[in-house]
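Enquirer: First the structure, which I've put down as structure tokens, then a few questions once you've had a look.
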Amino acid sequence: MQRKLFAKLGIIVLLSIILLIPLAMIEAQIAARSERQDEVVEDIAASAAGPQTLVGPVLSVRYRERVTLRQRDAAGKETVQREIVERVLVLPPAVLGIDGDASVETRQRGLYRANLFHLAAHLQGHFEVPPRLGLDEGRELVDARAALVLGLGDSRGVGNDPEVKVNGRAHRFTPGGGGALDGAALQVDLGALALDGQRLEFAFPLALTGSSRLAIAPAGDATTVTLRSPWPHPSFQGRFLPLSRSVSARGFEAQWQVSHLARSFDRVLATAAGEDRGRPEALVVGFIEPVNVYLKAERAVKYGVLFVVLTFAAFFLTEVLRRLPIHPLQYLLVGLALAVFFLLLVALSEHLAFGLAYALSAAACVALIGSYLAGALGSARRGAAYGGGIAALYGVLYGVLLSEDNALLMGALLLFAALAASMLATRRIDWYRLGATAPGEAA
């Protein structure tokens, strides 16, 4: 009777809602494991070095000038005072070249991993200090001192004490920003600076360790950066993409060229201070894991409801078309097996490659459901057919996980195909007549 048919539909809907509970619990477990992964990455960064932002070097010039101050007292009498004030001028290098090789070390805490990079770089270039620092002729300059300043994201990552050569003379870095850069910075005091103009050539090596990503702010009027690494999964980000790059299984090589016309020097300095957090004025290379198993597992479990609905729809059509009754408990057990797939996927992917973990989890669930339905439906052929259908669903889901950009398209096509198959399979059914005879009963 129609009442019995609608009662069965109601039970199926209720079971689908009940299965949301284990799916939600699995999703919560994935979120907890993902948070733990982030904590481990932060902990390793706290004990080694965090993400690095390399700024400069720039030239910090502390100059003194004599100024005239005019003031009026309460009686309106004007007084004139001559004072010497100190100011800071920050100059970019006219040319800056950075050439580096970065190796990647994977550190592990239990099941969780984090990447550290070790950069071995050589920085060179020159400053063109204009006469009178480029200031107006009317200003009375007294003297000036210069410091070469290098900004860093985390100074703990500096792995050497480099010899800095400026115009052939050797210097050493000391901590401090020279009044030019806030945050972590190193400086070289160059002493008195001639006010009639000067060219300062510099060169030094730098060993730098950091975690996750390396950002380089193009401080020079003409900046060239070349990076090489055996890491095969770079992520090029930031405001400046490489002019040329090659990425293969053996690693990557990339080159950037940025002129002063394409960058803002004020934003470069703000990047050093950590003030430009929205999109820093920098080129960025991320040393990322090729597969974030928790992100992919979280995306997969969101399709769990779709798996359950499609499977239950196939069961219901079997009851309607084949007049083969399926007990609600059998619906529930198959639904739980579908949910357990996602738990197996997370557990195995923490120990195995994601693709292998996915294949093993899918094979185990397909074999379990197929063998169960072969007995429950009394036919090995029917069990194999359902197993093949569920295997196809797992195959489509894997394609969705691999192609995030096409996830919506593939999901929409899957739903359309399932709806089309259901409509075509039932297009000749007289649902009013079917209601008079319950599935499984003789006509």
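Chain identifiers are assigned as A, B, and so on, following the order in which chains appear in the structure tokens; residues are numbered from 1 within each chain, and ligands are numbered from 1 in order of appearance.
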Can you tell me, as a VMD selection string, which residues in range 262-353 of chain A count as strand (DSSP E or B) by DSSP?
Expert: chain A and resid 283 to 287
Enquirer: So that I can check the surroundings of range 156-170 of chain A, please list as a ChimeraX atom specification every protein, DNA and RNA residue that reaches within 7 Å of it, counting only C-alpha atoms and ignoring chain neighbours fewer than 4 positions away.
Expert: /A:49,200-210
Enquirer: Keeping C-alpha atoms, export the residues of the selection given above as a tab-separated table (two decimals), in the first residue's frame.
Expert:
chain	number	residue	atom	x	y	z
A	49	ALA	CA	63.01	29.30	13.38
A	200	LEU	CA	79.12	51.69	-1.54
A	201	GLU	CA	79.58	48.19	-2.89
A	202	PHE	CA	78.68	45.27	-0.64
A	203	ALA	CA	78.81	41.50	-0.70
A	204	PHE	CA	78.32	38.81	1.93
A	205	PRO	CA	77.16	35.20	2.33
A	206	LEU	CA	74.13	34.30	4.43
A	207	ALA	CA	73.06	30.98	5.93
A	208	LEU	CA	69.42	31.17	6.98
A	209	THR	CA	67.07	28.57	8.44
A	210	GLY	CA	63.29	28.92	8.53
Enquirer: What is the distance, in Å and to one decimal place, between CA of Asp43 in chain A and CA of Arg109 in chain A?
Expert: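 Spanning CA of Asp43 in chain A to CA of Arg109 in chain A is a straight-line distance of 9.7 Å.
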Enquirer: Determine, counting only C-alpha atoms, which protein, DNA and RNA residues have an atom within 8 Å of an atom of range 32-40 of chain A; residues of the same chain fewer than 4 positions away are not included. Present the result as a list in words.
Expert: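 That gives Ala28, Ile44, Arg109, Tyr112, Arg113, Ala114, Tyr294 and Leu295 of chain A.
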Enquirer: Atoms to include: N, CA and C atoms. Write the selected residues as a JSON list (two decimals), in the first residue's frame.
Expert:
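Heads up, here's the output in out_33.json:
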[["chain", "number", "residue", "atom", "x", "y", "z"],
["A", 28, "ALA", "N", 35.04, 15.65, 13.06],
["A", 28, "ALA", "CA", 35.62, 16.29, 14.24],
["A", 28, "ALA", "C", 36.98, 15.70, 14.57],
["A", 44, "ILE", "N", 57.80, 23.24, 16.36],
["A", 44, "ILE", "CA", 59.10, 23.11, 15.71],
["A", 44, "ILE", "C", 59.64, 24.47, 15.31],
["A", 109, "ARG", "N", 57.53, 14.73, 14.72],
["A", 109, "ARG", "CA", 57.13, 14.53, 16.10],
["A", 109, "ARG", "C", 56.00, 13.51, 16.11],
["A", 112, "TYR", "N", 53.43, 13.41, 13.15],
["A", 112, "TYR", "CA", 53.28, 14.71, 12.51],
["A", 112, "TYR", "C", 54.63, 15.21, 12.03],
["A", 113, "ARG", "N", 54.61, 15.93, 10.90],
["A", 113, "ARG", "CA", 55.85, 16.39, 10.27],
["A", 113, "ARG", "C", 55.78, 17.88, 10.00],
["A", 114, "ALA", "N", 56.96, 18.49, 9.97],
["A", 114, "ALA", "CA", 57.09, 19.90, 9.60],
["A", 114, "ALA", "C", 58.38, 20.07, 8.80],
["A", 294, "TYR", "N", 45.09, 15.69, 5.98],
["A", 294, "TYR", "CA", 43.93, 16.07, 6.77],
["A", 294, "TYR", "C", 42.98, 16.96, 5.97],
["A", 295, "LEU", "N", 43.55, 17.83, 5.14],
["A", 295, "LEU", "CA", 42.70, 18.67, 4.30],
["A", 295, "LEU", "C", 41.94, 17.81, 3.29]]
Enquirer: Calculated over only C-alpha atoms, which of the candidates A:Ser155, A:Thr224, A:Leu54, A:Trp231 has the smallest distance to Glu105 in chain A?
Expert: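 Of all the options, A:Trp231 lies closest to Glu105 in chain A.
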Enquirer: For CA of Leu15 in chain A and CA of Gly389 in chain A, quote the distance in Å rounded to one decimal.
Expert: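 Computing the Euclidean distance for CA of Leu15 in chain A and CA of Gly389 in chain A yields 20.6 Å.
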Enquirer: Pick from A:Gly387, A:Gly151, A:Pro131, A:Pro57: nearest to Asp196 in chain A, with only C-alpha atoms counted?
Expert: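 Among the listed residues, the smallest separation from Asp196 in chain A belongs to A:Pro131.
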Enquirer: Quote the spacing between CA of Leu317 in chain A and CA of Gly383 in chain A in Å to one decimal place.
Expert: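 Taking CA of Leu317 in chain A as the start and CA of Gly383 in chain A as the end point, the length is 14.9 Å.
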Enquirer: Hey, which bits of range 10-98 of chain A sit within 10 Å of range 336-343 of chain A, and for each residue what's the closest pair of atoms and how far apart in Å (one decimal), counting only C-alpha atoms, rows by chain and increasing number, as a Markdown table?
Expert:
| residue | atom | partner | partner_atom | distance |
| --- | --- | --- | --- | --- |
| A:Leu19 | CA | A:Leu336 | CA | 7.1 |
| A:Leu20 | CA | A:Ala339 | CA | 9.1 |
| A:Ile21 | CA | A:Ala339 | CA | 9.8 |
| A:Pro22 | CA | A:Ala339 | CA | 6.9 |
| A:Leu23 | CA | A:Ala339 | CA | 6.1 |
| A:Ala24 | CA | A:Ala339 | CA | 9.8 |
| A:Met25 | CA | A:Leu343 | CA | 9.6 |
| A:Ile26 | CA | A:Leu343 | CA | 6.2 |
| A:Glu27 | CA | A:Phe342 | CA | 8.7 |
| A:Gln29 | CA | A:Leu343 | CA | 8.7 |
| A:Ile30 | CA | A:Leu343 | CA | 8.6 |
Enquirer: Can those selected residues be exported to a file as a short mmCIF file (atom, residue, chain, number, x, y, z; two decimals), in the first residue's frame so that it contains C-alpha atoms?
Expert:
data_model
loop_
_atom_site.label_atom_id
_atom_site.label_comp_id
_atom_site.auth_asym_id
_atom_site.auth_seq_id
_atom_site.Cartn_x
_atom_site.Cartn_y
_atom_site.Cartn_z
CA LEU A 19 24.31 8.40 9.79
CA LEU A 20 25.17 12.10 9.94
CA ILE A 21 26.23 11.48 13.56
CA PRO A 22 29.18 9.14 12.85
CA LEU A 23 30.16 11.26 9.85
CA ALA A 24 30.22 14.37 12.08
CA MET A 25 32.28 12.52 14.69
CA ILE A 26 34.80 11.45 12.03
CA GLU A 27 34.99 15.02 10.70
CA GLN A 29 38.42 13.75 14.65
CA ILE A 30 40.00 14.92 11.39
#
Enquirer: For Leu14 in chain A, list every protein, DNA or RNA residue within 12 Å, evaluated using only C-alpha atoms, and leave out those in the same chain fewer than 4 positions away; present the list as a list in words.
Expert: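 Listed by chain and then number, they are Ala7, Lys8, Leu9, Gly10, Ile18, Leu19, Leu20, Ile21, Val308, Val309, Phe312, Pro328, Tyr331 and Leu332 of chain A.
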Enquirer: Write out the residues from the selection above, keeping C-alpha atoms, as a short mmCIF file (atom, residue, chain, number, x, y, z; two decimals), in the first residue's frame.
Expert:
data_model
loop_
_atom_site.label_atom_id
_atom_site.label_comp_id
_atom_site.auth_asym_id
_atom_site.auth_seq_id
_atom_site.Cartn_x
_atom_site.Cartn_y
_atom_site.Cartn_z
CA ALA A 7 6.73 4.58 5.65
CA LYS A 8 9.75 2.91 4.03
CA LEU A 9 10.81 6.21 2.51
CA GLY A 10 10.50 7.85 5.94
CA ILE A 18 21.20 9.14 11.87
CA LEU A 19 24.31 8.40 9.79
CA LEU A 20 25.17 12.10 9.94
CA ILE A 21 26.23 11.48 13.56
CA VAL A 308 24.92 7.32 1.73
CA VAL A 309 22.09 8.95 -0.23
CA PHE A 312 20.24 4.12 -0.23
CA PRO A 328 16.22 -1.17 7.37
CA TYR A 331 20.49 -0.13 5.10
CA LEU A 332 22.05 0.94 8.41
#
Enquirer: Excluding Ser235 in chain A and its own-chain neighbours fewer than 6 positions away, which residues fall within 10 Å of it when counting only C-alpha atoms? Please give them as a list in words.
Expert: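 That gives Arg213, Val284, Val285, Gly286, Phe287, Ile288, Glu289 and Pro290 of chain A.
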Enquirer: Next, write the just-selected residues to a file, as a PDB file, in the first residue's frame, keeping C-alpha atoms as the atom set.
Expert:
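Output contents, as saved in out-v5.pdb:
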ATOM      1  CA  ARG A 213      58.108  29.652   3.633  1.00  0.00           C
ATOM      2  CA  VAL A 284      57.380  34.134  -1.548  1.00  0.00           C
ATOM      3  CA  VAL A 285      58.379  30.498  -1.927  1.00  0.00           C
ATOM      4  CA  GLY A 286      56.459  27.991   0.181  1.00  0.00           C
ATOM      5  CA  PHE A 287      58.100  24.668   0.999  1.00  0.00           C
ATOM      6  CA  ILE A 288      54.820  22.818   1.335  1.00  0.00           C
ATOM      7  CA  GLU A 289      53.907  19.168   1.620  1.00  0.00           C
ATOM      8  CA  PRO A 290      52.481  17.964  -1.701  1.00  0.00           C
TER       9      PRO A 290
END
Enquirer: Using only C-alpha atoms, which residue out of A:Val268, A:Ala417, A:Leu397, A:Val142 lies closest to Ala215 in chain A?
Expert: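 The closest residue to Ala215 in chain A is A:Val268.
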Enquirer: Write out as a list in words each polymer residue whose atoms come within 6 Å of Arg62 in chain A, counting only C-alpha atoms; drop sequence neighbours fewer than 3 positions from it.
Expert: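 Close residues of Arg62 in chain A: Arg87, Val88, Ala144 and Arg145 of chain A.
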Enquirer: Rank nothing, just name the residue among A:Val366, A:Leu227, A:Ala391, A:Ala48 nearest to Ser212 in chain A, using only C-alpha atoms.
Expert: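 Checking each of A:Val366, A:Leu227, A:Ala391, A:Ala48 against Ser212 in chain A, counting only C-alpha atoms, the winner is A:Ala48.
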Enquirer: Which is closer to Gly355 in chain A than all the others in A:Gly370, A:Ser379, A:Ala297, A:Gly220, using only C-alpha atoms?
Expert: A:Ala297
